[in-house]
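K.L.:
Encoded as structure tokens, here's the structure I'll be asking about.
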Amino acid sequence: MAVSIECSLKPLACYIKLTVMVPLVLYGTSVAARPVNGPETITVSNPLESYQIGSLGHLTGNAASTLDITTQTGARLTLNATTVTATGNRAAVQLLGAEAWINGGTLTSETDALVLGHEADRQVGSRATVIGATLSGANRGALVSTLSDLHLEGATLIGSGASGRGLEVIGNGRATAYGSTISGQMNGIRLLADSVGAKGDLTLDSTHVKGVDGAAIAVGMPGLAGQATIKVGNGSTLVGGNGRLMEVATGSTADLTVDNSQLTGDVVVEQGGAASLTLQNQASLTGRLENVAQLAVNSQARWNMVGDGQVANLAMDGGSIRFGEAADYYRLSVDKLSGNGTFVMDVDFSQAQTDFLDITGHATGEHSVLIGSTGTDPLADARLHVVHAGAGDARFTLAGGPVDLGTWSYDLIKQGENDWFLDASSRTVSPGTASVIALFNTAPTVWYGEMSTLRSRMGELRMHGGQPGVWIRAHSNRFDLQGAAGVGYRQNQHGVSLGIDTALPLGDGQWLAGVMVGQSTSDLDLDRGSSGKVDSYSTGAYATWLDTDTGYYFDGVLKLNHLRNSANVNLSDGTRTKGDYANWGAGASAEAGRHIKLDQDWFVEPYAQLAAVVFQGKDYTLDNGMRAEGERARSLTGKLGATAGRDFDLGQGRTLQPYGRAALAHEFVKHNQVEVNGNRFDNNLSGSRAELGVGVALGLSEALQVHADFEYSNGSRLEQPWGANLGVRYAW
């Protein structure tokens, strides 16, 4: 007869029952079992009965329905879409040193649905492959004894009783599950030792394990130890009704590896037990580790703490540990630290609160500290202790550079032998602040970059005697600027302008006036990968006067701009923040000079120019809470310079005019105030700079001309490594 092996006895008696009675269970048969001693196939037409397969027997069920099935050593069993229903205390399928292939179908029992037993005398275990079948037993969905091997693919195992386990592995039994579901009312899986203490082996791949009332996986039980090597991989999940992924009982040992899976829950080791945990290949575990002796966090894996933690030996190899959420402040105590990894922390200067890593023993390796950034300023500057080591040569640096806390960034400073502090005395301007300063500082250079196009256009008018016409120009400029608080950035501007002008019936008829529209985009490159963008839309009017007899001229420009500004900031903790705003600006430029003809068609053109522009101030907020307040951006620039060149008559109405230009420019405005979180900065671009340029104007006919102009300028706060504009003009 069959015997149940549910452990309701005292621990020692239970141990004996597990290690001695399992073979007896497998020998037990029902009274009415029909023997199978050779190949035999049953189908839906066969009567409902029990079977016992002899050592030379091979039973095949094709869409059949049977009662319980037992085997002798050497037997084989194949079930295809077959239903096996055991009654009383019998297992649905009991293997003893036998092999089984179960494809689809269901196995149901009031005890165990599938038992893989071994023959102790000959040390022969059982093998079973279960594909797409459902195994449901009140005690266990499946029991794997020592020397036996269970392979699951797309299978469902259920332990439905009050203390049920979906799967139980004894001794050095082995179970592998792919794409399967294993659940038990008490534990999803339990692993127990046998009389010689061999380790069980469990591999879960894309598999879901659930303990409805208890832990997902239990290693050992009260009074009976367990030993196991467990691998949880490829998106597998573990769910414990008591919040525990794994429990390790007293006297038990477990080695758990989590690979490319995201788990939530606790790993709890009772006193007298031992466990090691490895997280690797982008795996994550969110939960408590209680009495875990060894923890390895490798290859971009992460442990997310949910409270204070303690680990005896911590080895890092490219992984990270996060000390809870931003508002939580936890302490991690480690006896020994080695390798290289990242510790993700948060601090609050105003409350003097911080996550803390306390290495009581020896620490080695190169480690990073990643502290969460914020857009708001600390209420008080302080020095916060974040890492302590008892001994060793470990090094700690800030991942992503100094920590961004509002207006400022703070560095990690080592003090003494083995203590690291986040120190306010090391603060520098944060990337968010730099982006705010740069955007407010960009408006004048946007305006001047667009004006270079119009100035070249007006020079072209003078070259061709003030003929009216229509024109289009493309321009590109690069500016390297040094703004407030040492903020440096690069501005790359590209745009296009077009316009039309006509002669005015005033005086001697040498007045021309025109209107223009334009669009440009400026991309800002800042430190640490932050960027900004300014889209400019402009319209304007211009006029020029030329006295052909004396060469005197005057140019005047009025221009209105609408700017759309946006910032994208890379923060020290790897996150990004952004903000945007729009504002208007207006400017005017006046230039006077004289075109002096020299011998052999050479000419020189001295000139003086004064340009002024003002853009409205604006308040806006980045999405991380940083507040930016900009006053009106103003610029007043004067220039003195000269252009020299030569005219060539190419015949048939074609002309060529190469030229060079040199000028000295001076910015008079010294104060453009910007506030970031209430901290005031002065965007000061005042000072002088030298400008050089070359160009060529080519008249293809009396009506059609093309033009190219290139320039360079350099000063103490602003450098233009290059600027270019290319255009076409048609005159009538």
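Chain labels follow the order of the structure tokens: the first chain is A, the next B, and so on; residue numbering restarts at 1 in every chain, and ligands are counted from 1 in their shown order.
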Would you give me, as a compact mmCIF listing (two decimals) with N, CA, C and O atoms, in the first residue's frame, the residues in region 244-420 of chain A that DSSP reads as strand (DSSP E)?
P.N.:
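Output (part-v7.txt):
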```txt
# COMPACT_ATOMS: atom_id res chain seq x y z
N ARG A 244 8.72 37.03 2.69
CA ARG A 244 10.06 36.46 2.60
C ARG A 244 10.24 35.69 1.29
O ARG A 244 9.44 34.81 0.97
N LEU A 245 11.32 36.02 0.61
CA LEU A 245 11.68 35.27 -0.59
C LEU A 245 12.25 33.91 -0.21
O LEU A 245 11.98 32.90 -0.86
N MET A 246 13.11 33.92 0.81
CA MET A 246 13.76 32.68 1.22
C MET A 246 13.97 32.69 2.72
O MET A 246 14.37 33.70 3.30
N GLU A 247 13.70 31.54 3.34
CA GLU A 247 13.99 31.31 4.75
C GLU A 247 15.00 30.18 4.86
O GLU A 247 14.89 29.16 4.17
N VAL A 248 15.99 30.37 5.72
CA VAL A 248 17.01 29.34 5.96
C VAL A 248 16.93 28.98 7.43
O VAL A 248 17.17 29.82 8.31
N THR A 253 22.06 25.49 5.27
CA THR A 253 22.91 26.37 4.46
C THR A 253 22.28 26.54 3.08
O THR A 253 21.69 25.59 2.54
N ALA A 254 22.45 27.72 2.52
CA ALA A 254 21.91 27.99 1.19
C ALA A 254 22.81 28.96 0.46
O ALA A 254 23.30 29.94 1.04
N ASP A 255 23.05 28.66 -0.83
CA ASP A 255 23.76 29.56 -1.73
C ASP A 255 22.78 29.99 -2.81
O ASP A 255 22.40 29.18 -3.67
N LEU A 256 22.36 31.25 -2.76
CA LEU A 256 21.35 31.77 -3.69
C LEU A 256 21.99 32.73 -4.67
O LEU A 256 22.65 33.69 -4.27
N THR A 257 21.80 32.48 -5.97
CA THR A 257 22.26 33.38 -7.03
C THR A 257 21.04 33.90 -7.79
O THR A 257 20.21 33.11 -8.26
N VAL A 258 20.94 35.21 -7.88
CA VAL A 258 19.85 35.85 -8.63
C VAL A 258 20.46 36.48 -9.87
O VAL A 258 21.33 37.35 -9.78
N ASP A 259 20.02 36.04 -11.04
CA ASP A 259 20.61 36.45 -12.32
C ASP A 259 19.51 37.03 -13.21
O ASP A 259 18.56 36.34 -13.56
N GLN A 262 14.24 40.42 -11.08
CA GLN A 262 13.93 41.50 -10.16
C GLN A 262 13.01 40.95 -9.07
O GLN A 262 11.88 40.57 -9.35
N LEU A 263 13.53 40.90 -7.84
CA LEU A 263 12.82 40.29 -6.73
C LEU A 263 12.51 41.33 -5.66
O LEU A 263 13.29 42.25 -5.43
N THR A 264 11.37 41.13 -4.98
CA THR A 264 10.99 41.98 -3.87
C THR A 264 10.61 41.09 -2.70
O THR A 264 9.72 40.25 -2.83
N ASP A 266 12.20 39.61 1.55
CA ASP A 266 13.32 39.48 2.48
C ASP A 266 13.97 38.11 2.35
O ASP A 266 13.34 37.12 1.97
N VAL A 267 15.26 38.08 2.70
CA VAL A 267 16.00 36.83 2.87
C VAL A 267 16.35 36.74 4.34
O VAL A 267 17.10 37.57 4.85
N VAL A 268 15.81 35.74 5.02
CA VAL A 268 15.95 35.63 6.48
C VAL A 268 16.64 34.32 6.82
O VAL A 268 16.20 33.24 6.40
N VAL A 269 17.73 34.44 7.57
CA VAL A 269 18.50 33.27 8.01
C VAL A 269 18.40 33.19 9.53
O VAL A 269 18.78 34.13 10.24
N ALA A 274 23.20 29.46 7.73
CA ALA A 274 24.20 30.22 6.95
C ALA A 274 23.70 30.37 5.53
O ALA A 274 23.12 29.43 4.96
N ALA A 275 23.93 31.55 4.96
CA ALA A 275 23.50 31.79 3.59
C ALA A 275 24.43 32.77 2.91
O ALA A 275 24.94 33.70 3.53
N SER A 276 24.65 32.54 1.60
CA SER A 276 25.35 33.50 0.76
C SER A 276 24.42 33.89 -0.38
O SER A 276 23.62 33.07 -0.86
N LEU A 277 24.50 35.14 -0.79
CA LEU A 277 23.62 35.67 -1.82
C LEU A 277 24.46 36.39 -2.87
O LEU A 277 25.31 37.22 -2.53
N THR A 278 24.22 36.06 -4.14
CA THR A 278 24.89 36.72 -5.26
C THR A 278 23.84 37.33 -6.17
O THR A 278 22.92 36.64 -6.62
N LEU A 279 23.97 38.62 -6.43
CA LEU A 279 23.13 39.31 -7.39
C LEU A 279 23.99 39.65 -8.59
O LEU A 279 25.06 40.26 -8.45
N GLN A 280 23.55 39.31 -9.80
CA GLN A 280 24.39 39.53 -10.97
C GLN A 280 23.55 39.77 -12.21
O GLN A 280 22.34 39.51 -12.23
N SER A 284 18.00 42.56 -9.42
CA SER A 284 17.77 43.46 -8.29
C SER A 284 17.00 42.71 -7.21
O SER A 284 16.20 41.81 -7.50
N LEU A 285 17.27 43.10 -5.98
CA LEU A 285 16.53 42.58 -4.84
C LEU A 285 16.17 43.76 -3.96
O LEU A 285 17.04 44.52 -3.55
N THR A 286 14.88 43.90 -3.68
CA THR A 286 14.40 44.96 -2.81
C THR A 286 13.85 44.31 -1.55
O THR A 286 12.83 43.62 -1.60
N LEU A 289 17.96 41.84 4.32
CA LEU A 289 18.83 40.67 4.42
C LEU A 289 19.15 40.48 5.90
O LEU A 289 19.79 41.33 6.52
N GLU A 290 18.69 39.39 6.46
CA GLU A 290 18.85 39.15 7.90
C GLU A 290 19.79 37.97 8.10
O GLU A 290 19.50 36.84 7.69
N GLN A 294 27.39 36.20 3.41
CA GLN A 294 28.13 36.64 2.23
C GLN A 294 27.17 37.29 1.25
O GLN A 294 26.15 36.69 0.90
N LEU A 295 27.52 38.48 0.79
CA LEU A 295 26.73 39.14 -0.24
C LEU A 295 27.66 39.62 -1.35
O LEU A 295 28.63 40.33 -1.09
N ALA A 296 27.37 39.21 -2.60
CA ALA A 296 28.11 39.68 -3.77
C ALA A 296 27.12 40.41 -4.68
O ALA A 296 26.05 39.87 -4.99
N VAL A 297 27.48 41.62 -5.08
CA VAL A 297 26.63 42.42 -5.97
C VAL A 297 27.47 42.74 -7.20
O VAL A 297 28.39 43.57 -7.14
N ASN A 298 27.16 42.08 -8.31
CA ASN A 298 28.02 42.12 -9.48
C ASN A 298 27.28 42.61 -10.72
O ASN A 298 26.05 42.63 -10.76
N ARG A 302 21.65 45.21 -8.31
CA ARG A 302 21.42 46.18 -7.24
C ARG A 302 20.64 45.54 -6.10
O ARG A 302 19.69 44.80 -6.32
N TRP A 303 21.08 45.87 -4.88
CA TRP A 303 20.29 45.58 -3.70
C TRP A 303 19.67 46.89 -3.23
O TRP A 303 20.37 47.86 -2.94
N ASN A 304 18.33 46.93 -3.15
CA ASN A 304 17.62 48.09 -2.67
C ASN A 304 17.22 47.86 -1.22
O ASN A 304 16.35 47.02 -0.93
N GLY A 309 20.71 47.77 7.48
CA GLY A 309 21.16 46.44 7.08
C GLY A 309 22.51 46.09 7.67
O GLY A 309 23.27 46.96 8.11
N GLN A 310 22.78 44.78 7.68
CA GLN A 310 24.05 44.28 8.19
C GLN A 310 24.47 43.07 7.37
O GLN A 310 23.69 42.13 7.17
N VAL A 311 25.70 43.08 6.89
CA VAL A 311 26.25 41.98 6.10
C VAL A 311 27.66 41.71 6.61
O VAL A 311 28.44 42.65 6.82
N ALA A 312 27.98 40.43 6.79
CA ALA A 312 29.32 40.09 7.29
C ALA A 312 30.38 40.41 6.25
O ALA A 312 31.32 41.17 6.52
N ASN A 313 30.26 39.83 5.06
CA ASN A 313 31.25 40.04 4.00
C ASN A 313 30.54 40.53 2.75
O ASN A 313 29.64 39.84 2.23
N LEU A 314 30.95 41.67 2.27
CA LEU A 314 30.34 42.28 1.09
C LEU A 314 31.38 42.40 -0.01
O LEU A 314 32.41 43.06 0.17
N ALA A 315 31.10 41.76 -1.14
CA ALA A 315 32.00 41.83 -2.31
C ALA A 315 31.24 42.50 -3.44
O ALA A 315 30.14 42.08 -3.80
N MET A 316 31.83 43.53 -4.01
CA MET A 316 31.20 44.29 -5.09
C MET A 316 32.01 44.11 -6.38
O MET A 316 33.24 44.18 -6.36
N ASP A 317 31.31 43.88 -7.47
CA ASP A 317 31.97 43.78 -8.77
C ASP A 317 31.06 44.41 -9.83
O ASP A 317 30.42 43.72 -10.61
N GLY A 318 30.98 45.73 -9.80
CA GLY A 318 30.18 46.44 -10.79
C GLY A 318 28.72 46.56 -10.44
O GLY A 318 27.92 46.98 -11.27
N GLY A 319 28.33 46.21 -9.22
CA GLY A 319 26.95 46.35 -8.79
C GLY A 319 26.77 47.57 -7.90
O GLY A 319 27.69 48.36 -7.69
N SER A 320 25.55 47.71 -7.35
CA SER A 320 25.26 48.88 -6.52
C SER A 320 24.33 48.49 -5.39
O SER A 320 23.59 47.51 -5.46
N ILE A 321 24.35 49.31 -4.34
CA ILE A 321 23.45 49.17 -3.21
C ILE A 321 22.78 50.52 -3.00
O ILE A 321 23.46 51.54 -2.85
N ARG A 322 21.46 50.51 -3.01
CA ARG A 322 20.70 51.75 -2.79
C ARG A 322 20.14 51.77 -1.38
O ARG A 322 19.46 50.83 -0.96
N ARG A 331 21.35 52.90 7.55
CA ARG A 331 22.74 52.60 7.91
C ARG A 331 23.04 51.16 7.50
O ARG A 331 22.28 50.24 7.85
N LEU A 332 24.12 50.97 6.78
CA LEU A 332 24.57 49.63 6.40
C LEU A 332 25.88 49.34 7.11
O LEU A 332 26.87 50.06 6.93
N SER A 333 25.88 48.26 7.91
CA SER A 333 27.08 47.85 8.64
C SER A 333 27.67 46.62 7.95
O SER A 333 26.96 45.64 7.68
N VAL A 334 28.95 46.69 7.67
CA VAL A 334 29.65 45.62 6.96
C VAL A 334 30.92 45.29 7.73
O VAL A 334 31.67 46.20 8.13
N ASP A 335 31.16 43.99 7.92
CA ASP A 335 32.42 43.59 8.58
C ASP A 335 33.61 43.73 7.64
O ASP A 335 34.67 44.19 8.03
N LYS A 336 33.40 43.31 6.37
CA LYS A 336 34.51 43.34 5.41
C LYS A 336 33.96 43.74 4.05
O LYS A 336 32.93 43.24 3.60
N LEU A 337 34.67 44.67 3.36
CA LEU A 337 34.27 45.15 2.04
C LEU A 337 35.42 44.96 1.06
O LEU A 337 36.57 45.27 1.37
N SER A 338 35.08 44.49 -0.16
CA SER A 338 36.11 44.32 -1.19
C SER A 338 35.50 44.58 -2.56
O SER A 338 34.29 44.66 -2.72
N GLY A 339 36.37 44.70 -3.58
CA GLY A 339 35.94 44.84 -4.97
C GLY A 339 35.71 46.27 -5.38
O GLY A 339 36.40 47.20 -4.92
N ASN A 340 34.76 46.47 -6.26
CA ASN A 340 34.41 47.82 -6.73
C ASN A 340 32.92 47.88 -7.00
O ASN A 340 32.35 47.01 -7.64
N GLY A 341 32.28 48.90 -6.46
CA GLY A 341 30.84 49.02 -6.63
C GLY A 341 30.38 50.43 -6.32
O GLY A 341 31.18 51.34 -6.07
N THR A 342 29.08 50.62 -6.34
CA THR A 342 28.48 51.93 -6.14
C THR A 342 27.47 51.88 -5.00
O THR A 342 26.64 50.97 -4.94
N PHE A 343 27.56 52.87 -4.11
CA PHE A 343 26.63 53.00 -2.99
C PHE A 343 25.76 54.23 -3.26
O PHE A 343 26.27 55.35 -3.34
N VAL A 344 24.45 54.01 -3.43
CA VAL A 344 23.52 55.07 -3.80
C VAL A 344 22.87 55.60 -2.52
O VAL A 344 22.13 54.89 -1.84
N MET A 345 23.16 56.87 -2.20
CA MET A 345 22.76 57.45 -0.92
C MET A 345 22.01 58.76 -1.14
O MET A 345 21.96 59.30 -2.25
N VAL A 347 21.30 62.67 1.18
CA VAL A 347 21.67 63.50 2.33
C VAL A 347 20.69 64.65 2.45
O VAL A 347 20.01 65.02 1.50
N ASP A 348 20.62 65.21 3.65
CA ASP A 348 19.83 66.41 3.92
C ASP A 348 20.66 67.31 4.82
O ASP A 348 20.78 67.08 6.01
N GLN A 353 21.00 64.95 8.14
CA GLN A 353 20.68 63.54 7.98
C GLN A 353 21.37 62.98 6.75
O GLN A 353 21.50 63.66 5.73
N THR A 354 21.79 61.73 6.85
CA THR A 354 22.48 61.11 5.74
C THR A 354 22.41 59.60 5.86
O THR A 354 22.35 59.05 6.96
N PHE A 356 24.41 56.12 5.70
CA PHE A 356 25.77 55.94 6.24
C PHE A 356 26.24 54.51 6.00
O PHE A 356 25.52 53.55 6.27
N LEU A 357 27.45 54.40 5.47
CA LEU A 357 28.12 53.11 5.27
C LEU A 357 29.20 52.95 6.33
O LEU A 357 30.15 53.73 6.36
N ASP A 358 29.02 51.95 7.20
CA ASP A 358 29.95 51.72 8.31
C ASP A 358 30.64 50.38 8.11
O ASP A 358 30.01 49.32 8.28
N ILE A 359 31.91 50.42 7.74
CA ILE A 359 32.70 49.20 7.58
C ILE A 359 33.51 49.02 8.85
O ILE A 359 34.49 49.75 9.09
N THR A 360 33.11 48.08 9.67
CA THR A 360 33.74 47.94 10.98
C THR A 360 35.11 47.29 10.90
O THR A 360 35.94 47.47 11.79
N GLY A 361 35.36 46.53 9.85
CA GLY A 361 36.63 45.84 9.70
C GLY A 361 37.46 46.41 8.58
O GLY A 361 37.65 47.62 8.46
N HIS A 362 37.90 45.53 7.69
CA HIS A 362 38.85 45.88 6.64
C HIS A 362 38.11 46.18 5.34
O HIS A 362 37.22 45.45 4.94
N GLU A 366 38.03 50.00 -5.09
CA GLU A 366 37.66 51.33 -5.58
C GLU A 366 36.14 51.40 -5.66
O GLU A 366 35.51 50.65 -6.42
N HIS A 367 35.54 52.31 -4.92
CA HIS A 367 34.09 52.37 -4.82
C HIS A 367 33.58 53.78 -5.12
O HIS A 367 34.28 54.77 -4.90
N SER A 368 32.34 53.83 -5.62
CA SER A 368 31.71 55.11 -5.93
C SER A 368 30.55 55.34 -4.98
O SER A 368 29.86 54.40 -4.58
N VAL A 369 30.33 56.61 -4.67
CA VAL A 369 29.18 57.01 -3.89
C VAL A 369 28.32 57.91 -4.78
O VAL A 369 28.78 58.94 -5.27
N LEU A 370 27.09 57.48 -5.02
CA LEU A 370 26.16 58.24 -5.85
C LEU A 370 25.09 58.82 -4.94
O LEU A 370 24.26 58.10 -4.40
N ILE A 371 25.15 60.13 -4.76
CA ILE A 371 24.22 60.80 -3.85
C ILE A 371 23.16 61.53 -4.67
O ILE A 371 23.46 62.23 -5.63
N ARG A 383 28.93 69.74 7.19
CA ARG A 383 29.81 68.64 6.79
C ARG A 383 29.14 67.36 7.25
O ARG A 383 28.89 67.17 8.44
N LEU A 384 28.83 66.48 6.30
CA LEU A 384 28.09 65.27 6.61
C LEU A 384 28.99 64.04 6.42
O LEU A 384 29.61 63.87 5.36
N HIS A 385 29.00 63.18 7.43
CA HIS A 385 29.81 61.97 7.43
C HIS A 385 29.03 60.87 6.71
O HIS A 385 27.95 60.49 7.14
N VAL A 386 29.57 60.32 5.61
CA VAL A 386 28.82 59.32 4.84
C VAL A 386 29.48 57.95 4.82
O VAL A 386 28.79 56.95 4.61
N VAL A 387 30.79 57.86 5.01
CA VAL A 387 31.48 56.56 4.96
C VAL A 387 32.54 56.51 6.05
O VAL A 387 33.30 57.47 6.26
N HIS A 388 32.61 55.35 6.73
CA HIS A 388 33.69 55.08 7.69
C HIS A 388 34.20 53.66 7.45
O HIS A 388 33.42 52.74 7.21
N ALA A 389 35.50 53.50 7.52
CA ALA A 389 36.12 52.18 7.44
C ALA A 389 37.07 52.01 8.61
O ALA A 389 37.80 52.94 8.98
N GLY A 390 37.05 50.82 9.20
CA GLY A 390 37.94 50.57 10.33
C GLY A 390 39.39 50.49 9.92
O GLY A 390 40.28 50.94 10.64
N ALA A 391 39.65 49.90 8.77
CA ALA A 391 41.02 49.74 8.29
C ALA A 391 40.97 49.47 6.79
O ALA A 391 39.90 49.29 6.20
N ARG A 395 39.12 53.16 -1.50
CA ARG A 395 38.94 54.54 -1.95
C ARG A 395 37.48 54.75 -2.33
O ARG A 395 36.85 53.89 -2.95
N PHE A 396 36.96 55.92 -1.97
CA PHE A 396 35.59 56.28 -2.28
C PHE A 396 35.58 57.62 -3.01
O PHE A 396 36.19 58.59 -2.54
N THR A 397 34.92 57.65 -4.16
CA THR A 397 34.78 58.89 -4.92
C THR A 397 33.31 59.05 -5.31
O THR A 397 32.53 58.09 -5.28
N LEU A 398 32.95 60.25 -5.68
CA LEU A 398 31.57 60.52 -6.07
C LEU A 398 31.33 60.11 -7.52
O LEU A 398 32.05 60.55 -8.43
N VAL A 403 28.18 66.33 -6.06
CA VAL A 403 26.74 66.15 -5.88
C VAL A 403 26.02 67.47 -6.12
O VAL A 403 26.37 68.50 -5.55
N ASP A 404 24.97 67.44 -6.94
CA ASP A 404 24.21 68.64 -7.26
C ASP A 404 23.07 68.80 -6.26
O ASP A 404 22.11 68.03 -6.26
N LEU A 405 23.18 69.82 -5.43
CA LEU A 405 22.14 70.14 -4.45
C LEU A 405 21.73 71.59 -4.67
O LEU A 405 22.27 72.51 -4.07
N TRP A 408 24.39 74.67 -5.94
CA TRP A 408 25.79 74.29 -5.81
C TRP A 408 25.98 72.79 -5.94
O TRP A 408 25.05 72.00 -5.75
N SER A 409 27.21 72.41 -6.23
CA SER A 409 27.63 71.02 -6.23
C SER A 409 28.68 70.84 -5.15
O SER A 409 29.55 71.70 -4.95
N TYR A 410 28.61 69.70 -4.46
CA TYR A 410 29.47 69.45 -3.30
C TYR A 410 30.30 68.20 -3.54
O TYR A 410 29.82 67.20 -4.07
N ASP A 411 31.55 68.23 -3.09
CA ASP A 411 32.48 67.13 -3.33
C ASP A 411 32.63 66.27 -2.08
O ASP A 411 32.30 66.68 -0.96
N LEU A 412 33.14 65.04 -2.29
CA LEU A 412 33.39 64.11 -1.19
C LEU A 412 34.86 64.25 -0.79
O LEU A 412 35.76 64.07 -1.61
N ILE A 413 35.07 64.56 0.48
CA ILE A 413 36.42 64.84 0.98
C ILE A 413 36.83 63.76 1.99
O ILE A 413 36.06 63.44 2.91
N LYS A 414 38.02 63.21 1.82
CA LYS A 414 38.54 62.25 2.78
C LYS A 414 39.25 62.99 3.89
O LYS A 414 40.07 63.88 3.65
N GLN A 415 38.92 62.62 5.11
CA GLN A 415 39.57 63.23 6.28
C GLN A 415 40.01 62.11 7.21
O GLN A 415 39.26 61.16 7.47
N ASP A 419 37.80 58.03 6.70
CA ASP A 419 36.50 58.67 6.84
C ASP A 419 36.28 59.63 5.67
O ASP A 419 37.20 60.35 5.28
N TRP A 420 35.05 59.61 5.15
CA TRP A 420 34.72 60.45 4.01
C TRP A 420 33.51 61.31 4.35
O TRP A 420 32.50 60.81 4.89
```
K.L.:
Compile the contact shell of Ala86 (chain A) as a PyMOL selection string: residues with an atom at most 9 Å away, counting only C-alpha atoms, same-chain residues fewer than 3 positions apart removed.
P.N.:
chain A and resi 50+66-69+89-93+107-111+113
K.L.:
Pick out the residues sitting within 10 Å of Ser45 (chain A), and hand them over as a count of residues only; count only C-alpha atoms, and ignore anything fewer than 5 positions along from it in its own chain.
P.N.:
3
K.L.:
What is the distance, in Å and to one decimal place, between CA of His58 (chain A) and CA of Thr70 (chain A)?
P.N.:
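Those two atoms sit 11.7 Å apart.
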K.L.:
Can you tell me, as an NGL selection string, what residues are no more than 10 Å from region 594-598 of chain A when counting only C-alpha atoms, ignoring any on the same chain fewer than 6 positions away?
P.N.:
:A and (462-463 or 546-548 or 550-554 or 604-608 or 642-647)
K.L.:
May I have the selected residues written with N, CA and C atoms, as a short mmCIF file (atom, residue, chain, number, x, y, z; two decimals), in the first residue's frame?
P.N.:
```cif
data_model
loop_
_atom_site.label_atom_id
_atom_site.label_comp_id
_atom_site.auth_asym_id
_atom_site.auth_seq_id
_atom_site.Cartn_x
_atom_site.Cartn_y
_atom_site.Cartn_z
N ARG A 462 25.82 98.90 -50.76
CA ARG A 462 26.73 100.00 -51.10
C ARG A 462 27.61 99.65 -52.28
N MET A 463 27.97 98.38 -52.34
CA MET A 463 28.85 97.95 -53.43
C MET A 463 28.19 98.14 -54.79
N LEU A 546 23.61 106.45 -48.90
CA LEU A 546 24.92 106.45 -49.53
C LEU A 546 25.06 107.69 -50.41
N ASP A 547 26.14 108.45 -50.19
CA ASP A 547 26.49 109.58 -51.06
C ASP A 547 27.56 109.08 -52.02
N THR A 548 27.19 108.82 -53.25
CA THR A 548 28.12 108.23 -54.21
C THR A 548 29.27 109.18 -54.55
N THR A 550 30.84 111.41 -52.38
CA THR A 550 31.84 111.50 -51.32
C THR A 550 32.18 110.14 -50.70
N GLY A 551 31.29 109.15 -50.88
CA GLY A 551 31.53 107.83 -50.27
C GLY A 551 31.00 107.69 -48.87
N TYR A 552 30.45 108.73 -48.30
CA TYR A 552 29.89 108.61 -46.95
C TYR A 552 28.62 107.75 -46.97
N TYR A 553 28.43 106.99 -45.86
CA TYR A 553 27.23 106.15 -45.78
C TYR A 553 26.75 106.09 -44.34
N PHE A 554 25.49 105.70 -44.23
CA PHE A 554 24.91 105.44 -42.90
C PHE A 554 23.99 104.23 -43.02
N VAL A 604 39.27 101.48 -49.24
CA VAL A 604 39.29 101.30 -47.80
C VAL A 604 38.02 101.94 -47.25
N GLU A 605 37.47 101.31 -46.19
CA GLU A 605 36.18 101.77 -45.68
C GLU A 605 36.23 101.80 -44.15
N PRO A 606 36.70 102.90 -43.55
CA PRO A 606 36.65 103.01 -42.09
C PRO A 606 35.20 103.20 -41.63
N TYR A 607 34.90 102.69 -40.44
CA TYR A 607 33.53 102.80 -39.95
C TYR A 607 33.50 102.80 -38.43
N ALA A 608 32.39 103.28 -37.91
CA ALA A 608 32.10 103.22 -36.48
C ALA A 608 30.67 102.70 -36.32
N ALA A 642 37.77 98.97 -39.92
CA ALA A 642 37.94 99.34 -41.32
C ALA A 642 37.90 98.08 -42.18
N THR A 643 37.36 98.28 -43.38
CA THR A 643 37.34 97.22 -44.39
C THR A 643 38.18 97.68 -45.57
N ALA A 644 38.99 96.77 -46.09
CA ALA A 644 39.83 97.11 -47.25
C ALA A 644 39.72 95.99 -48.28
N GLY A 645 39.71 96.39 -49.56
CA GLY A 645 39.61 95.37 -50.60
C GLY A 645 39.86 95.96 -51.96
N ARG A 646 39.51 95.18 -52.96
CA ARG A 646 39.75 95.61 -54.33
C ARG A 646 38.62 95.13 -55.22
N ASP A 647 38.23 95.99 -56.18
CA ASP A 647 37.19 95.65 -57.13
C ASP A 647 37.82 95.19 -58.44
#
```
K.L.:
Smallest atom-to-atom distance to Leu526 (chain A): which of A:Thr146, A:Thr575, A:Thr433, A:Ser136, using only C-alpha atoms?
P.N.:
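Of A:Thr146, A:Thr575, A:Thr433, A:Ser136, the one nearest Leu526 (chain A), counting only C-alpha atoms, is A:Thr433.
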K.L.:
With distances taken over only C-alpha atoms, which of A:Asp549, A:Asp112, A:Glu153, A:Asp328 is nearest to Gly166 (chain A)?
P.N.:
A:Asp112
K.L.:
Here is a test: counting only C-alpha atoms, which residue of A:Gln609, A:Ser686, A:Asn80, A:Gln467 is nearest to Tyr730 (chain A)?
P.N.:
A:Gln467
K.L.:
What does the distance between CA of Thr41 (chain A) and CA of Leu152 (chain A) come to in Å, to one decimal place?
P.N.:
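Distance reported for this atom pair: 23.7 Å.
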K.L.:
One decimal, in Å: what's the spacing between CA of Ala612 (chain A) and CA of Ala586 (chain A)?
P.N.:
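About the pair CA of Ala612 (chain A) and CA of Ala586 (chain A): they are 8.6 Å apart.
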